[in-house]
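Novice: Dropping the structure in here first, questions after.
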Amino acid sequence: MFRVAIVGRPNVGKSSLFNRIIGQRKAIVEDVPGVTRDRIVSTAEWRGVKFEVVDTGGYITGDEDKFAPYIRKQVEKELELSDLFIFVVDGKQGLTPLDKEIANILHRTEKPVIVAVNKIDDTEKEKLAYEFYELGFENIISISTIQKLGLAELLDKVVEYIPEYEKEIQEEEEKEEKRDYIKVAIVGKPNAGKSSLINALLNEERVLV
C-alpha cells in the first residue's frame, strides 16, 4: 500500500495532522516537544483511495535529548519505507535552520514531498507560507490542523501521487471478501519488556527501547 510519512522538527503539529488524516485521536498531542518518539502507522482513506500514513517523532540534530539519536533512527528508517513525505513546518514561527536541514535530507531521497505550512489560521496569514518556497519544493500548502483549513487540498495532492494501478488493486480488493482479524494489545508495568516484545514480533525497531 502507498505509504505517506509525516515528518518535521518537534512541535510543528505532525501528530495533530496525523489524527486529522485518519479521523481519530491515535497519536498523543501535547504542546511540548518530544511527546512522539515511536512511529505510529495507520490506514487512511480519501476520496475512495486508501493509503498508509505514518506519524514520526520530531527530527533534531543535536544529542541534548537522550532520545534524539533513537528518534532520528526511526525517522531515517521511514525515509526508506515511505513513498511520499508530508513535511510539516510552523508558519507562525517561520523558516528555521533545522527546517532547511530536514529539507536537504528529503531532497536526497528523490521522493515526492508536500510541504504543509501549519498554523495558518486565516487568509491574512497566507503570506507567511511564501518564505518556505526557499526549501526548493514545488508543493507548498497552507493548513491549520486546529481550524481544519487546507486539509482537503493537502489530501487531494497526496492522492494525485498514488499510482493508478494501485487504485485499481484497491478496488479489486474491496470486491473480495473481507478477512477477519483480531487486535492485540501488549500491556504491563513499566520496564517489563513490552517494547522489546513488539520489536521482536515485528522483526524491526518499531518502538524505542
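Identifiers for the C-alpha cells are assigned positionally: chains receive A, B, ... in sequence, residues are indexed from 1 per chain, and ligands are indexed from 1 in the order shown.
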Identify all residues of chain A in alpha helix (DSSP H) (DSSP on the backbone) and supply them as a PyMOL selection string.
Specialist: chain A and resi 14-22+68-81+97-109+151-160+164-175+194-202
Novice: Segment 24-161 of chain A: which residues are strand (DSSP E or B) by DSSP, as a ChimeraX atom specification?
Specialist: /A:40-46,49-55,84-90,113-118,139-142,144,149
Novice: Find the distance between atom CA of Tyr161 of chain A and atom CA of Pro112 of chain A and write it in Å to one decimal.
Specialist: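 Value for the atom CA of Tyr161 of chain A-atom CA of Pro112 of chain A distance: 8.1 Å.
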Novice: Here is a test: counting only C-alpha atoms, which residue of A:Lys50, A:Thr145, A:Glu204, A:Arg3 is nearest to Lys73 of chain A?
Specialist: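 For Lys73 of chain A, the nearest of the candidates is A:Glu204.
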Novice: Considering only C-alpha atoms, state which residue in the set A:Gly57, A:Gly13, A:Gly48, A:Gly8 is at the smallest distance from Asp156 of chain A.
Specialist: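 Comparing A:Gly57, A:Gly13, A:Gly48, A:Gly8 against Asp156 of chain A, the winner is A:Gly48.
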Novice: Identify, on the basis of only C-alpha atoms, every residue whose closest approach to Thr61 of chain A does not exceed 9 Å; exclude the query and any residue fewer than 3 positions from it along the same chain; express the result as a list in words.
Specialist: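 Selected residues are Ala68, Pro69, Arg72, Leu98 and Glu101 of chain A.
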